[in-house]
Every structure is written in C-alpha cells, then in structure tokens.
Amino acid sequence: TNEEFFPLISMADIMLRPTWSDGFGISILEAFDFGKPVIASDCVQRQPGCTLFEAGDTISFAQTVERVLANYPKEVDSVKSLNRPDYGGQLLEIYSSFSQ
C-alpha cells in the first residue's frame with residue numbers, strides 16, 4: 001500500500017529510476033517532496049530537477065550515481081529549491097469543475 005511506500009522514500013538518500021521505458025513517474029515527484037535527489041534514465045522526458053543518465057548504459061548510470069553522491073549536499077539543496085507546480089491544486093480544480 002502507499003502507506004508502506006512513503007517511509008521508504010523518506011529513508012532513502014537518492015531515488016533511482018533506471019528504466020528502459022516509462023510513464024509520468026509519480027515516484028519522482030514523491031521523492032522531490034521529501035527533498036531527495038532523483039537519478040533517472042533519459043528514456044523519456046523527465047520532470048525538471050532529475051539528474052539523467054543514458055538509458056541502458058550501466059557505466060553512465062554508475063558515473064551519475066557517483067557524481068551525485070560526491071556532491072550530495074549541493075544536490076539536496078538543488079532539489080529543495082525546485083519551483084514545482086502545485087499538481088495537487090490543479091487536480092482539485094479539475095475535479096471541482098466536474099461537480100459544478
């Protein structure tokens with residue numbers, strides 16, 4: 001359940017999303033909400049703030065993880081300073097429009 005997943009994100013230092021294909025990636029936004037840097041493959045357009053590596057390239061992946069870990073405090077500050085849209089507020093507006 002979601003109640004079990006959130007503590008895992010909050011305990012992690014970095015969110016890793018090494019996928020070959022992907023959709024929106026809600027877990028990326030959840031990681032950002034916890035102030036966690038995100039490393040993701042470049043298989044699709046990602047949310048601003050993700051650190052990308054070439055999909056399927058394990059060397060690129062390892063180098064990216066090493067780089068983020070080496071600059072971890074700066075990476076966390078970067079995530080915390082992201083100016084992200086209020087997706088929750090946008091969804092509430094959409095759902096509210098249905099009930100009018």
# chains A, B, ... in the order shown; residues from 1 in each chain; ligands from 1
$ residues_around --residues "Ser27 (chain A)" --least-positions-apart "3" --cutoff "10 Å" --atoms "only C-alpha atoms" --output "short mmCIF file (atom, residue, chain, number, x, y, z; two decimals) with C-alpha atoms, in the first residue's frame"
data_model
loop_
_atom_site.label_atom_id
_atom_site.label_comp_id
_atom_site.auth_asym_id
_atom_site.auth_seq_id
_atom_site.Cartn_x
_atom_site.Cartn_y
_atom_site.Cartn_z
CA PHE A 5 5.98 3.15 0.27
CA PHE A 6 6.26 6.67 1.66
CA ILE A 9 11.26 7.22 0.13
CA MET A 15 15.67 7.95 -5.80
CA LEU A 16 16.96 5.76 -8.62
CA ARG A 17 14.76 5.21 -11.66
CA PHE A 24 4.94 10.03 -15.85
CA GLU A 30 7.22 11.93 -4.29
CA ALA A 31 11.00 11.85 -3.91
CA PHE A 32 11.18 15.58 -4.62
CA ASP A 33 8.54 16.16 -1.94
CA VAL A 38 16.49 11.75 -8.37
#
$ select_by_dssp --residues "chain A" --states "alpha helix (DSSP H)" --output "ChimeraX atom specification"
/A:2-11,26-33,58-70,72-80,87-98
$ atom_distance --atom1 "CA of Ser21 (chain A)" --atom2 "CA of Pro37 (chain A)"
20.1 Å
$ closest_residue --among "A:Leu29, A:Lys36, A:Leu8, A:Phe53" --to "Tyr72 (chain A)" --atoms "only C-alpha atoms"
A:Lys36
$ closest_atom_pairs --of "region 34-65 of chain A" --to "region 76-84 of chain A" --cutoff "12 Å" --atoms "only C-alpha atoms" --output "CSV"
residue,atom,partner,partner_atom,distance
A:Phe34,CA,A:Lys80,CA,8.7
A:Gly35,CA,A:Lys80,CA,5.5
A:Lys36,CA,A:Val76,CA,6.2
A:Pro37,CA,A:Val76,CA,5.9
A:Val38,CA,A:Val79,CA,8.6
A:Ile39,CA,A:Val79,CA,11.7
A:Gln47,CA,A:Arg84,CA,9.2
A:Pro48,CA,A:Leu82,CA,8.1
A:Gly49,CA,A:Val79,CA,6.4
A:Cys50,CA,A:Val79,CA,8.6
A:Thr51,CA,A:Val79,CA,10.4
$ write_last_selection --atoms "N, CA, C and O atoms" --output "PDB file, in the first residue's frame"
ATOM      1  N   PHE A  34      10.104  14.827  -0.637  1.00  0.00           N
ATOM      2  CA  PHE A  34      10.930  14.505   0.529  1.00  0.00           C
ATOM      3  C   PHE A  34      12.314  15.140   0.436  1.00  0.00           C
ATOM      4  O   PHE A  34      13.173  14.894   1.285  1.00  0.00           O
ATOM      5  N   GLY A  35      12.559  15.928  -0.599  1.00  0.00           N
ATOM      6  CA  GLY A  35      13.851  16.585  -0.755  1.00  0.00           C
ATOM      7  C   GLY A  35      14.965  15.651  -1.194  1.00  0.00           C
ATOM      8  O   GLY A  35      16.131  15.899  -0.911  1.00  0.00           O
ATOM      9  N   LYS A  36      14.613  14.589  -1.903  1.00  0.00           N
ATOM     10  CA  LYS A  36      15.588  13.587  -2.333  1.00  0.00           C
ATOM     11  C   LYS A  36      16.000  13.818  -3.781  1.00  0.00           C
ATOM     12  O   LYS A  36      15.155  13.998  -4.653  1.00  0.00           O
ATOM     13  N   PRO A  37      17.300  13.796  -4.074  1.00  0.00           N
ATOM     14  CA  PRO A  37      17.741  13.862  -5.465  1.00  0.00           C
ATOM     15  C   PRO A  37      17.244  12.640  -6.234  1.00  0.00           C
ATOM     16  O   PRO A  37      17.098  11.552  -5.664  1.00  0.00           O
ATOM     17  N   VAL A  38      16.985  12.830  -7.514  1.00  0.00           N
ATOM     18  CA  VAL A  38      16.487  11.751  -8.368  1.00  0.00           C
ATOM     19  C   VAL A  38      17.444  11.552  -9.530  1.00  0.00           C
ATOM     20  O   VAL A  38      17.792  12.510 -10.227  1.00  0.00           O
ATOM     21  N   ILE A  39      17.858  10.306  -9.719  1.00  0.00           N
ATOM     22  CA  ILE A  39      18.661   9.909 -10.870  1.00  0.00           C
ATOM     23  C   ILE A  39      17.770   9.010 -11.720  1.00  0.00           C
ATOM     24  O   ILE A  39      17.255   8.009 -11.234  1.00  0.00           O
ATOM     25  N   GLN A  47      10.756  15.134 -15.359  1.00  0.00           N
ATOM     26  CA  GLN A  47      10.435  16.355 -14.641  1.00  0.00           C
ATOM     27  C   GLN A  47      11.718  17.145 -14.386  1.00  0.00           C
ATOM     28  O   GLN A  47      12.780  16.556 -14.160  1.00  0.00           O
ATOM     29  N   PRO A  48      11.635  18.478 -14.430  1.00  0.00           N
ATOM     30  CA  PRO A  48      12.813  19.287 -14.127  1.00  0.00           C
ATOM     31  C   PRO A  48      13.351  18.946 -12.740  1.00  0.00           C
ATOM     32  O   PRO A  48      12.585  18.745 -11.800  1.00  0.00           O
ATOM     33  N   GLY A  49      14.666  18.868 -12.642  1.00  0.00           N
ATOM     34  CA  GLY A  49      15.308  18.563 -11.379  1.00  0.00           C
ATOM     35  C   GLY A  49      15.918  17.179 -11.344  1.00  0.00           C
ATOM     36  O   GLY A  49      16.735  16.873 -10.486  1.00  0.00           O
ATOM     37  N   CYS A  50      15.539  16.316 -12.290  1.00  0.00           N
ATOM     38  CA  CYS A  50      16.123  14.972 -12.348  1.00  0.00           C
ATOM     39  C   CYS A  50      17.539  15.055 -12.909  1.00  0.00           C
ATOM     40  O   CYS A  50      17.808  15.835 -13.813  1.00  0.00           O
ATOM     41  N   THR A  51      18.406  14.232 -12.386  1.00  0.00           N
ATOM     42  CA  THR A  51      19.732  14.050 -12.965  1.00  0.00           C
ATOM     43  C   THR A  51      19.628  12.829 -13.871  1.00  0.00           C
ATOM     44  O   THR A  51      19.241  11.755 -13.424  1.00  0.00           O
TER      45      THR A  51
END
$ atom_distance --atom1 "CA of Gln63 (chain A)" --atom2 "CA of Ser10 (chain A)"
23.9 Å
$ closest_residue --among "A:Ile28, A:Pro18, A:Ser97, A:Pro7" --to "Val65 (chain A)" --atoms "only C-alpha atoms"
A:Pro18
$ closest_residue --among "A:Ser60, A:Gly23, A:Ala12, A:Leu91" --to "Gln45 (chain A)" --atoms "only C-alpha atoms"
A:Gly23
$ select_by_dssp --residues "chain A" --states "strand (DSSP E)" --output "PyMOL selection string"
chain A and resi 15-17+38-41+51-53
